[in-house]
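Text of model_17.txt, listed as compact mmCIF, C-alpha atoms and all ligand atoms:
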```
# COMPACT_ATOMS: atom_id res chain seq x y z
CA MET A 93 -119.33 -51.86 21.55
CA THR A 94 -117.35 -48.72 20.88
CA THR A 95 -118.83 -45.31 20.21
CA PHE A 96 -117.17 -43.69 17.19
CA HIS A 97 -116.85 -40.16 15.86
CA VAL A 98 -115.57 -40.42 12.29
CA LYS A 99 -114.08 -37.07 11.33
CA GLY A 100 -114.02 -35.57 7.87
CA ALA A 101 -114.71 -38.65 5.78
CA THR A 102 -115.65 -38.38 2.11
CA LEU A 103 -118.96 -40.19 1.66
CA PRO A 104 -119.86 -42.12 -1.51
CA ASP A 105 -121.89 -39.17 -2.82
CA GLY A 106 -118.75 -37.01 -2.63
CA THR A 107 -119.81 -34.90 0.36
CA ARG A 108 -117.34 -34.53 3.19
CA ARG A 109 -118.65 -34.72 6.74
CA ASP A 110 -118.43 -36.28 10.19
CA PHE A 111 -120.59 -39.21 11.24
CA PHE A 112 -121.21 -41.01 14.51
CA VAL A 113 -121.78 -44.61 15.64
CA GLU A 114 -123.32 -45.76 18.89
CA ASN A 115 -124.78 -49.14 19.93
CA GLY A 116 -124.12 -50.57 16.49
CA VAL A 117 -126.01 -47.97 14.44
CA PHE A 118 -125.36 -44.56 12.89
CA VAL A 119 -126.51 -41.74 15.16
CA ASP A 120 -126.70 -37.92 14.93
CA SER A 121 -124.07 -37.27 17.55
CA ALA A 122 -122.31 -39.04 20.39
CA SER A 123 -120.27 -38.03 23.40
CA ASN A 124 -117.14 -39.73 24.78
CA ALA A 125 -116.59 -41.23 21.34
CA THR A 126 -113.40 -42.75 19.97
CA VAL A 127 -112.31 -40.37 17.21
CA LEU A 128 -111.33 -41.84 13.85
CA ASP A 129 -109.55 -39.24 11.75
CA ALA A 130 -110.82 -39.83 8.22
CA ASP A 131 -109.20 -36.83 6.57
CA GLY A 132 -108.53 -37.84 2.97
CA LEU A 133 -110.32 -41.17 3.40
CA GLN A 134 -113.19 -42.51 1.36
CA ALA A 135 -116.04 -43.94 3.45
CA LEU A 136 -117.90 -46.83 1.84
CA PRO A 137 -120.72 -49.00 3.12
CA GLY A 138 -119.22 -52.29 4.38
CA LEU A 139 -118.44 -54.38 1.33
CA VAL A 140 -120.56 -57.45 0.57
CA ASP A 141 -119.11 -60.40 -1.35
CA LEU A 142 -121.66 -62.61 -3.04
CA HIS A 143 -119.05 -65.21 -3.99
CA THR A 144 -116.53 -66.41 -1.39
CA HIS A 145 -115.07 -69.88 -0.84
CA LEU A 146 -114.49 -70.29 2.90
CA ARG A 147 -113.62 -74.03 2.54
CA GLU A 148 -115.01 -75.06 5.94
CA PRO A 149 -116.17 -77.75 6.58
CA GLY A 150 -113.78 -80.14 4.92
CA PHE A 151 -110.90 -78.16 3.43
CA GLU A 152 -109.56 -76.41 6.52
CA GLN A 153 -105.97 -76.67 5.23
CA SER A 154 -106.97 -74.02 2.62
CA GLU A 155 -109.20 -71.73 4.68
CA THR A 156 -111.62 -71.72 7.59
CA VAL A 157 -114.63 -69.57 8.35
CA LEU A 158 -112.42 -67.69 10.83
CA THR A 159 -109.43 -67.10 8.55
CA GLY A 160 -111.65 -66.24 5.58
CA SER A 161 -113.64 -63.84 7.76
CA ARG A 162 -110.43 -62.11 8.79
CA ALA A 163 -109.29 -61.89 5.16
CA ALA A 164 -112.67 -60.37 4.32
CA ALA A 165 -112.59 -57.78 7.11
CA SER A 166 -109.07 -56.73 6.14
CA GLY A 167 -110.36 -56.11 2.61
CA GLY A 168 -113.18 -53.87 3.85
CA PHE A 169 -115.95 -56.50 3.78
CA THR A 170 -118.65 -56.81 6.44
CA ALA A 171 -120.59 -59.68 4.84
CA VAL A 172 -119.72 -62.63 2.65
CA PHE A 173 -121.79 -65.34 1.00
CA ALA A 174 -120.03 -68.68 1.44
CA MET A 175 -120.09 -71.04 -1.53
CA ALA A 176 -121.46 -74.54 -1.10
CA ASN A 177 -118.57 -76.69 -2.40
CA THR A 178 -117.45 -77.74 1.07
CA SER A 179 -117.13 -81.31 2.40
CA PRO A 180 -119.75 -82.28 3.28
CA VAL A 181 -121.36 -80.14 0.61
CA SER A 182 -123.64 -77.38 1.93
CA ASP A 183 -126.74 -79.15 0.65
CA THR A 184 -128.67 -79.66 3.90
CA ALA A 185 -130.06 -77.40 6.63
CA GLY A 186 -127.55 -78.91 9.06
CA VAL A 187 -124.46 -77.87 7.12
CA VAL A 188 -125.63 -74.35 6.26
CA GLU A 189 -126.62 -73.74 9.88
CA GLN A 190 -123.16 -74.89 10.98
CA VAL A 191 -121.43 -72.47 8.56
CA LYS A 192 -123.62 -69.56 9.64
CA ALA A 193 -123.03 -70.34 13.33
CA LEU A 194 -119.25 -70.33 12.80
CA GLY A 195 -119.48 -66.93 11.13
CA ASP A 196 -121.62 -65.54 13.94
CA ALA A 197 -119.26 -66.90 16.58
CA HIS A 198 -116.16 -65.31 15.03
CA GLY A 199 -117.89 -62.01 14.34
CA TYR A 200 -115.54 -60.46 11.80
CA VAL A 201 -118.17 -60.46 9.08
CA THR A 202 -121.69 -61.72 8.59
CA VAL A 203 -121.47 -65.11 6.88
CA ARG A 204 -124.46 -66.10 4.78
CA PRO A 205 -124.21 -69.64 3.44
CA ILE A 206 -125.09 -70.42 -0.16
CA GLY A 207 -126.93 -73.73 -0.57
CA ALA A 208 -126.07 -76.29 -3.21
CA VAL A 209 -128.58 -76.61 -6.04
CA THR A 210 -128.05 -80.36 -6.40
CA VAL A 211 -127.23 -83.07 -3.88
CA GLY A 212 -123.46 -83.33 -3.48
CA LEU A 213 -123.03 -80.90 -6.41
CA GLU A 214 -123.51 -83.97 -8.57
CA GLY A 215 -126.06 -82.47 -10.92
CA GLN A 216 -128.45 -85.41 -10.54
CA ARG A 217 -131.26 -84.30 -8.23
CA LEU A 218 -132.25 -81.14 -6.37
CA SER A 219 -130.92 -80.63 -2.85
CA GLU A 220 -133.11 -79.74 0.15
CA ILE A 221 -133.63 -76.19 -1.13
CA GLY A 222 -136.78 -75.55 0.92
CA ALA A 223 -135.27 -76.89 4.14
CA MET A 224 -132.21 -74.69 3.71
CA ALA A 225 -134.39 -71.65 2.97
CA GLN A 226 -136.43 -72.26 6.13
CA SER A 227 -133.43 -73.09 8.33
CA ARG A 228 -131.78 -70.68 10.75
CA ALA A 229 -129.33 -69.90 7.93
CA GLN A 230 -132.22 -68.49 5.82
CA VAL A 231 -130.53 -69.41 2.57
CA ARG A 232 -131.67 -67.31 -0.39
CA VAL A 233 -128.85 -67.94 -2.87
CA PHE A 234 -128.28 -71.40 -4.32
CA SER A 235 -125.33 -72.46 -6.44
CA ASP A 236 -123.32 -75.51 -7.47
CA ASP A 237 -120.41 -73.13 -8.10
CA GLY A 238 -117.31 -74.92 -9.29
CA LYS A 239 -119.73 -77.00 -11.33
CA CYS A 240 -122.39 -75.95 -13.77
CA VAL A 241 -125.99 -77.08 -13.41
CA SER A 242 -125.77 -78.30 -16.99
CA ASP A 243 -128.97 -80.37 -17.08
CA ALA A 244 -131.59 -77.97 -18.49
CA LEU A 245 -134.53 -79.70 -16.82
CA LEU A 246 -132.84 -79.66 -13.43
CA MET A 247 -132.03 -75.97 -13.90
CA ARG A 248 -135.65 -75.29 -14.78
CA ARG A 249 -136.86 -77.12 -11.66
CA ALA A 250 -134.38 -75.24 -9.48
CA LEU A 251 -135.57 -71.89 -10.84
CA GLU A 252 -139.18 -72.92 -10.24
CA TYR A 253 -138.41 -73.92 -6.66
CA VAL A 254 -136.56 -70.75 -5.61
CA LYS A 255 -139.22 -68.59 -7.26
CA THR A 256 -141.67 -69.67 -4.55
CA PHE A 257 -139.73 -67.74 -1.89
CA GLY A 258 -137.91 -65.13 -3.99
CA GLY A 259 -134.57 -66.93 -3.96
CA VAL A 260 -132.02 -66.90 -6.74
CA ILE A 261 -129.93 -69.48 -8.59
CA ALA A 262 -126.31 -68.36 -9.05
CA GLN A 263 -125.01 -70.29 -12.01
CA HIS A 264 -121.40 -71.24 -12.73
CA SER A 265 -121.79 -71.09 -16.51
CA GLN A 266 -119.51 -73.71 -17.98
CA GLU A 267 -120.70 -76.19 -20.59
CA PRO A 268 -118.95 -79.32 -19.34
CA ARG A 269 -118.42 -81.14 -22.64
CA LEU A 270 -116.93 -78.05 -24.30
CA THR A 271 -114.43 -77.61 -21.48
CA GLU A 272 -113.21 -81.15 -20.83
CA GLY A 273 -109.57 -80.84 -19.82
CA ALA A 274 -109.58 -77.10 -20.56
CA GLN A 275 -106.65 -75.18 -19.08
CA MET A 276 -106.82 -71.60 -20.36
CA ASN A 277 -108.70 -69.31 -22.74
CA GLU A 278 -108.98 -70.89 -26.19
CA GLY A 279 -107.19 -68.94 -28.91
CA ALA A 280 -103.86 -68.39 -30.60
CA LEU A 281 -102.03 -68.23 -27.27
CA SER A 282 -103.40 -71.54 -25.95
CA GLY A 283 -102.19 -73.12 -29.19
CA GLU A 284 -98.72 -71.61 -28.78
CA LEU A 285 -98.45 -72.69 -25.17
CA GLY A 286 -99.79 -76.16 -25.86
CA LEU A 287 -102.54 -75.84 -23.25
CA ALA A 288 -106.05 -77.12 -23.87
CA GLY A 289 -108.37 -74.25 -24.78
CA TRP A 290 -111.50 -73.11 -22.95
CA PRO A 291 -113.74 -71.56 -25.58
CA ALA A 292 -115.81 -68.46 -24.80
CA VAL A 293 -118.84 -70.23 -26.25
CA ALA A 294 -118.77 -72.72 -23.35
CA GLU A 295 -119.73 -69.85 -21.04
CA GLU A 296 -121.94 -67.92 -23.44
CA ALA A 297 -124.07 -70.91 -24.48
CA ILE A 298 -125.03 -71.69 -20.87
CA ILE A 299 -125.83 -68.04 -20.12
CA ALA A 300 -128.02 -67.85 -23.23
CA ARG A 301 -129.87 -71.01 -22.24
CA ASP A 302 -130.30 -69.90 -18.64
CA VAL A 303 -131.66 -66.42 -19.36
CA LEU A 304 -134.28 -68.05 -21.59
CA LEU A 305 -135.12 -70.53 -18.82
CA ALA A 306 -135.36 -67.67 -16.30
CA GLN A 307 -137.72 -65.87 -18.66
CA HIS A 308 -139.81 -68.98 -19.18
CA VAL A 309 -140.10 -69.65 -15.45
CA GLY A 310 -140.28 -66.01 -14.38
CA ALA A 311 -137.57 -66.58 -11.79
CA ARG A 312 -134.39 -64.78 -10.79
CA LEU A 313 -131.06 -65.86 -12.27
CA HIS A 314 -127.63 -64.65 -11.20
CA VAL A 315 -124.65 -65.27 -13.48
CA CYS A 316 -121.38 -65.88 -11.63
CA HIS A 317 -118.01 -64.53 -12.81
CA VAL A 318 -118.80 -63.35 -16.35
CA SER A 319 -115.56 -63.43 -18.34
CA THR A 320 -116.20 -62.79 -22.04
CA ALA A 321 -117.41 -59.96 -24.26
CA GLY A 322 -119.94 -62.35 -25.79
CA SER A 323 -121.43 -63.09 -22.36
CA VAL A 324 -121.89 -59.36 -21.85
CA ASP A 325 -123.80 -59.18 -25.14
CA VAL A 326 -126.13 -62.01 -24.09
CA ILE A 327 -126.82 -60.44 -20.68
CA ARG A 328 -127.41 -57.02 -22.24
CA TRP A 329 -129.92 -58.61 -24.62
CA ALA A 330 -131.67 -60.42 -21.75
CA LYS A 331 -131.94 -57.27 -19.63
CA ALA A 332 -133.32 -55.32 -22.58
CA ARG A 333 -136.09 -57.93 -22.79
CA GLY A 334 -136.87 -57.50 -19.10
CA ILE A 335 -135.52 -60.88 -18.01
CA ASP A 336 -134.75 -60.96 -14.27
CA VAL A 337 -131.02 -61.61 -14.53
CA THR A 338 -128.11 -60.16 -12.57
CA ALA A 339 -124.42 -60.73 -13.20
CA GLU A 340 -121.07 -60.47 -11.50
CA VAL A 341 -117.50 -59.94 -12.61
CA THR A 342 -114.42 -60.71 -10.53
CA PRO A 343 -111.68 -58.16 -9.86
CA HIS A 344 -109.17 -60.38 -11.68
CA HIS A 345 -111.25 -60.52 -14.85
CA LEU A 346 -111.33 -56.69 -14.77
CA LEU A 347 -107.55 -56.37 -14.64
CA LEU A 348 -105.67 -59.46 -15.84
CA THR A 349 -105.45 -61.13 -19.25
CA GLU A 350 -104.52 -64.53 -20.68
CA GLN A 351 -101.02 -63.21 -21.46
CA LEU A 352 -100.15 -64.01 -17.85
CA ALA A 353 -100.42 -67.72 -18.66
CA SER A 354 -97.31 -67.39 -20.84
CA GLY A 355 -94.95 -68.07 -17.94
CA TYR A 356 -96.93 -71.17 -16.86
CA ASP A 357 -97.21 -69.60 -13.40
CA SER A 358 -100.26 -71.36 -11.95
CA ARG A 359 -101.15 -68.37 -9.76
CA PHE A 360 -102.86 -67.15 -12.94
CA LYS A 361 -104.85 -70.36 -13.46
CA VAL A 362 -108.47 -69.69 -12.66
CA ASN A 363 -111.99 -70.79 -13.56
CA PRO A 364 -113.26 -69.21 -15.77
CA PRO A 365 -109.89 -68.47 -17.34
CA LEU A 366 -108.34 -65.04 -17.83
CA ARG A 367 -109.40 -63.80 -21.25
CA ARG A 368 -108.21 -61.28 -23.84
CA ASP A 369 -107.80 -57.50 -23.68
CA ASP A 370 -111.04 -56.84 -25.56
CA ASP A 371 -112.92 -59.05 -23.10
CA VAL A 372 -111.49 -57.04 -20.21
CA GLN A 373 -112.56 -53.82 -21.91
CA ALA A 374 -116.08 -55.15 -22.48
CA LEU A 375 -116.37 -56.27 -18.85
CA ARG A 376 -115.27 -52.85 -17.57
CA GLU A 377 -117.77 -51.07 -19.81
CA ALA A 378 -120.54 -53.50 -18.81
CA LEU A 379 -119.88 -52.81 -15.14
CA ALA A 380 -119.99 -49.07 -15.82
CA ASP A 381 -123.26 -49.21 -17.78
CA GLY A 382 -124.99 -51.61 -15.36
CA THR A 383 -125.14 -54.65 -17.62
CA ILE A 384 -122.96 -56.32 -15.01
CA ASP A 385 -124.43 -55.53 -11.60
CA ILE A 386 -121.70 -56.36 -9.13
CA VAL A 387 -118.10 -57.24 -8.45
CA ALA A 388 -117.66 -60.50 -6.53
CA THR A 389 -114.29 -61.90 -5.53
CA ASP A 390 -114.56 -65.67 -6.15
CA HIS A 391 -111.95 -65.82 -3.33
CA ALA A 392 -110.62 -69.36 -3.86
CA PRO A 393 -107.87 -70.31 -1.40
CA HIS A 394 -105.63 -73.29 -2.15
CA PRO A 395 -102.65 -74.67 -0.22
CA LEU A 396 -99.18 -74.29 -1.76
CA GLU A 397 -98.99 -77.91 -2.92
CA ALA A 398 -102.13 -77.45 -5.03
CA LYS A 399 -100.51 -74.53 -6.87
CA GLU A 400 -96.77 -75.26 -6.87
CA CYS A 401 -96.90 -77.85 -9.60
CA ALA A 402 -97.20 -78.04 -13.38
CA TRP A 403 -99.93 -75.83 -14.86
CA ASP A 404 -101.98 -78.83 -16.01
CA GLU A 405 -102.09 -80.29 -12.51
CA ALA A 406 -102.57 -77.07 -10.53
CA ALA A 407 -105.90 -76.18 -8.93
CA PHE A 408 -108.05 -73.42 -10.42
CA GLY A 409 -108.51 -70.30 -8.31
CA MET A 410 -107.06 -67.22 -6.63
CA VAL A 411 -107.55 -65.53 -3.28
CA GLY A 412 -109.15 -62.13 -3.70
CA LEU A 413 -110.80 -60.69 -0.60
CA GLU A 414 -107.86 -58.59 0.57
CA SER A 415 -107.07 -57.12 -2.86
CA ALA A 416 -110.59 -56.61 -4.28
CA LEU A 417 -111.03 -52.93 -3.55
CA SER A 418 -107.54 -52.03 -4.75
CA VAL A 419 -107.96 -53.98 -7.97
CA VAL A 420 -111.34 -52.38 -8.63
CA GLN A 421 -109.76 -48.97 -8.06
CA ALA A 422 -106.95 -49.77 -10.49
CA ALA A 423 -109.23 -51.26 -13.16
CA VAL A 424 -112.27 -49.01 -13.19
CA VAL A 425 -111.87 -46.01 -10.85
CA ASP A 426 -108.41 -44.79 -11.81
CA THR A 427 -109.38 -45.35 -15.46
CA GLY A 428 -112.34 -42.97 -15.06
CA LEU A 429 -115.14 -45.49 -15.63
CA LEU A 430 -116.57 -45.68 -12.08
CA SER A 431 -116.88 -43.22 -9.19
CA PHE A 432 -116.72 -44.30 -5.56
CA ALA A 433 -120.51 -43.98 -5.51
CA ASP A 434 -120.50 -46.67 -8.21
CA VAL A 435 -118.03 -48.73 -6.19
CA ALA A 436 -120.42 -48.55 -3.21
CA ARG A 437 -123.16 -49.85 -5.48
CA VAL A 438 -121.25 -52.71 -7.16
CA LEU A 439 -119.39 -53.92 -4.06
CA SER A 440 -122.07 -53.37 -1.42
CA GLY A 441 -125.57 -52.15 -2.27
CA ALA A 442 -126.28 -54.37 -5.26
CA PRO A 443 -124.79 -57.62 -3.87
CA ALA A 444 -126.77 -57.11 -0.64
CA ARG A 445 -129.93 -56.63 -2.67
CA ILE A 446 -129.32 -59.68 -4.88
CA GLY A 447 -128.63 -61.83 -1.81
CA LEU A 448 -131.59 -60.36 0.12
CA LEU A 449 -129.31 -59.30 2.96
CA ASP A 450 -130.94 -56.58 5.05
CA GLY A 451 -128.88 -53.92 6.80
CA TYR A 452 -125.96 -54.06 4.38
CA GLY A 453 -125.11 -51.82 1.48
CA ALA A 454 -127.26 -49.04 2.92
CA PRO A 455 -126.24 -45.38 2.86
CA PHE A 456 -124.90 -43.65 5.97
CA THR A 457 -128.31 -42.80 7.42
CA VAL A 458 -129.18 -42.40 11.09
CA GLY A 459 -130.61 -45.61 12.54
CA ALA A 460 -129.02 -47.90 9.93
CA PRO A 461 -126.61 -50.63 11.10
CA ALA A 462 -123.05 -49.29 11.24
CA ASN A 463 -121.32 -51.35 8.57
CA PHE A 464 -118.65 -49.35 6.80
CA THR A 465 -115.07 -49.19 5.70
CA LEU A 466 -112.62 -46.28 5.51
CA TYR A 467 -110.34 -46.48 2.50
CA ASP A 468 -107.31 -44.45 1.47
CA PRO A 469 -107.34 -44.27 -2.35
CA ALA A 470 -104.10 -42.24 -2.40
CA ALA A 471 -102.02 -45.00 -0.79
CA ARG A 472 -99.88 -47.22 -3.00
CA SER A 473 -97.94 -50.31 -2.12
CA VAL A 474 -96.43 -53.43 -3.57
CA PHE A 475 -98.85 -56.22 -2.71
CA GLY A 476 -97.16 -58.83 -0.53
CA VAL A 477 -97.95 -61.77 1.73
CA GLU A 478 -98.22 -59.31 4.62
CA HIS A 479 -101.43 -58.08 2.96
CA LEU A 480 -102.96 -61.58 3.13
CA HIS A 481 -104.82 -62.67 6.26
CA GLY A 482 -106.37 -65.96 5.19
CA LYS A 483 -104.63 -69.33 5.25
CA SER A 484 -103.55 -69.39 1.61
CA VAL A 485 -101.28 -67.12 -0.41
CA ASN A 486 -102.35 -67.93 -3.99
CA SER A 487 -102.75 -64.30 -4.99
CA PRO A 488 -102.00 -63.21 -8.57
CA TYR A 489 -101.00 -59.75 -7.31
CA LEU A 490 -97.96 -60.65 -5.19
CA GLY A 491 -95.16 -58.31 -6.23
CA ARG A 492 -97.46 -55.99 -8.13
CA GLU A 493 -98.01 -52.36 -7.15
CA LEU A 494 -101.65 -51.62 -6.32
CA PRO A 495 -103.42 -48.45 -5.23
CA GLY A 496 -105.40 -47.99 -2.03
CA ARG A 497 -105.43 -49.27 1.51
CA VAL A 498 -108.25 -50.28 3.87
CA VAL A 499 -107.67 -48.19 6.99
CA ALA A 500 -110.68 -49.25 9.08
CA THR A 501 -113.60 -51.65 8.87
CA VAL A 502 -116.56 -51.52 11.25
CA HIS A 503 -119.05 -54.39 11.31
CA GLY A 504 -122.27 -53.81 13.26
CA GLY A 505 -120.61 -51.04 15.25
CA VAL A 506 -117.56 -53.15 16.14
CA ALA A 507 -114.16 -52.33 14.65
CA THR A 508 -112.59 -55.31 12.86
CA VAL A 509 -109.77 -53.26 11.28
CA LEU A 510 -108.19 -50.13 12.78
CA GLU A 511 -105.23 -48.15 11.46
CA GLY A 512 -104.90 -50.73 8.72
CA LEU A 513 -104.49 -53.62 11.15
CA LEU A 514 -106.88 -56.45 11.96
CA VAL A 515 -108.32 -56.15 15.45
CA GLU A 516 -107.40 -59.37 17.26
CA GLU A 517 -109.94 -59.27 20.07
CA LEU A 518 -113.35 -58.09 18.90
CA ALA A 519 -115.31 -56.07 21.46
CA ARG A 520 -118.55 -57.98 21.02
CA GLY A 521 -121.06 -58.39 23.81
ZN ZN A 601 -117.42 -70.60 -10.27
```
As structure tokens, what does this structure read like?
Amino acid sequence: MTTFHVKGATLPDGTRRDFFVENGVFVDSASNATVLDADGLQALPGLVDLHTHLREPGFEQSETVLTGSRAAASGGFTAVFAMANTSPVSDTAGVVEQVKALGDAHGYVTVRPIGAVTVGLEGQRLSEIGAMAQSRAQVRVFSDDGKCVSDALLMRRALEYVKTFGGVIAQHSQEPRLTEGAQMNEGALSGELGLAGWPAVAEEAIIARDVLLAQHVGARLHVCHVSTAGSVDVIRWAKARGIDVTAEVTPHHLLLTEQLASGYDSRFKVNPPLRRDDDVQALREALADGTIDIVATDHAPHPLEAKECAWDEAAFGMVGLESALSVVQAAVVDTGLLSFADVARVLSGAPARIGLLDGYGAPFTVGAPANFTLYDPAARSVFGVEHLHGKSVNSPYLGRELPGRVVATVHGGVATVLEGLLVEELARG
């Protein structure tokens, strides 16, 4: 493990100072340290993504735990929560322990598996929630993401079960009957383009039902990838009533709109779909006022053949780990809505707290685990495939100018990114 002296970094609270890392934790001072010149750089606690698709086991042509971990580190992340829609599905202690072990072995980021709510994501009966919680993977977040737990009784039972150990159900809110065959946001544009519409109410109705169920059970609910202004209203109402609900928004829903579907370029096909300008505005304001708690990437890698086809046939999803911080800067920092202290909260502190992940998202205090990233907000570049470090290149930002650059990432005292480049051989041991 390297000893670091980080010089002249700007901390999230806006103060500018040096800090030191030794034996994996922040310390007061250190001798014989490797100096990292952080003049002009923003220091942030290592980012934490509550919503990542790592695709292993089963879909290794799209991504693996290793390649996804490298993509994450290059984006400034030090921990990711891996979604359960693998093959086999992460619905047993055996699978979640395997995913966690792969993450530990590669060491780029901490990988915390998310357990499936229902067996095989089939929405019929509850998975082995207790066994996964008690396993070495210590699963605390459960989700059928990609599919909605649409059966209200099953959702109630799941909330009751996780309440016993303080876990949380992360719901993919999509009423299945209202979205059969849906291809893009429902409205005038979907009519013009001849694509089947995905009505906002399909998301909002499930969120409304679920916050009431969470209130009835007294359990924690997390709402994945909120995409409409109406969903924000429902969540704001629920929070005002004291319901224990948290919510996430993706970087792409903070920046992109349905207009991008006009060219039938399937890079912009995503679940939930890109919405309208006023939805984007409402999501930004909700993130700023705390109605939406966190930004989560929904990093969803797909091989070329799943995207280079007609819109109707293309897979839903975008990669997002490498671009997340830049997109958040463009959408909500450069527009004056969020400070970097807020960014530290929505991309690190709050997701760590929701996922019950100790040692992440903490401030730069002596004795705390050294998980941080150094970011240059003044950099600008045209986003290209050279910015992508996972296995798939289905990014909606290719060819677009974005602000910011991750200069260094340190995970548990070990550098995973230095001078903007991924470290190939991690100095673990
Ligand atoms: Zn989802």
Quick one: everything within 7 Å of His317 in chain A, counting only C-alpha atoms, minus sequence neighbours fewer than 3 positions away in the same chain. Send it as number ranges by chain. A: 340-342
Kindly provide, as a VMD selection string, all nucleotide and amino acid residues lying within 8 Å of ligand ZN 601 (chain A), counting only C-alpha atoms and all ligand atoms. chain A and resid 237 to 239 263 to 265 316 to 317 363 to 364 390
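Distances here use all atoms listed in the file; by that measure, the residue among A:Val188, A:Ala223, A:Leu313, A:Val211 closest to Gly258 in chain A is A:Leu313.
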Using all atoms listed in the file - which residues lie no farther than 9 Å from the point (-136.1, -63.5, -10.2) in the file's frame? Write them as a PDB file with C-alpha atoms, in the frame of the given file.
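Output contents, as saved in part_13.pdb:
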```pdb
ATOM      1  CA  LEU A 251    -135.570 -71.890 -10.840  1.00  0.00           C
ATOM      2  CA  VAL A 254    -136.560 -70.750  -5.610  1.00  0.00           C
ATOM      3  CA  LYS A 255    -139.220 -68.590  -7.260  1.00  0.00           C
ATOM      4  CA  GLY A 258    -137.910 -65.130  -3.990  1.00  0.00           C
ATOM      5  CA  GLY A 259    -134.570 -66.930  -3.960  1.00  0.00           C
ATOM      6  CA  VAL A 260    -132.020 -66.900  -6.740  1.00  0.00           C
ATOM      7  CA  ILE A 261    -129.930 -69.480  -8.590  1.00  0.00           C
ATOM      8  CA  ALA A 306    -135.360 -67.670 -16.300  1.00  0.00           C
ATOM      9  CA  GLN A 307    -137.720 -65.870 -18.660  1.00  0.00           C
ATOM     10  CA  GLY A 310    -140.280 -66.010 -14.380  1.00  0.00           C
ATOM     11  CA  ALA A 311    -137.570 -66.580 -11.790  1.00  0.00           C
ATOM     12  CA  ARG A 312    -134.390 -64.780 -10.790  1.00  0.00           C
ATOM     13  CA  LEU A 313    -131.060 -65.860 -12.270  1.00  0.00           C
ATOM     14  CA  HIS A 314    -127.630 -64.650 -11.200  1.00  0.00           C
ATOM     15  CA  ILE A 335    -135.520 -60.880 -18.010  1.00  0.00           C
ATOM     16  CA  ASP A 336    -134.750 -60.960 -14.270  1.00  0.00           C
ATOM     17  CA  VAL A 337    -131.020 -61.610 -14.530  1.00  0.00           C
ATOM     18  CA  THR A 338    -128.110 -60.160 -12.570  1.00  0.00           C
TER      19      THR A 338
END
```
Would you kindly return, as a VMD selection string, each protein, DNA or RNA residue with an atom no farther than 9 Å from any atom of range 391-399 of chain A, considering all atoms listed in the file and excluding same-chain residues fewer than 5 positions away? chain A and resid 143 to 147 153 to 155 160 357 to 359 361 405 to 413 482 to 487
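Nearest residue to Asp369 in chain A among A:Asp385, A:Ala321, A:Gln230, A:Tyr200 is A:Ala321, counting all atoms listed in the file.
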Which residue gives the smallest distance to Ala460 in chain A among A:Gly167, A:Gly505, A:Ser182, A:Glu493, with only C-alpha atoms counted? A:Gly505
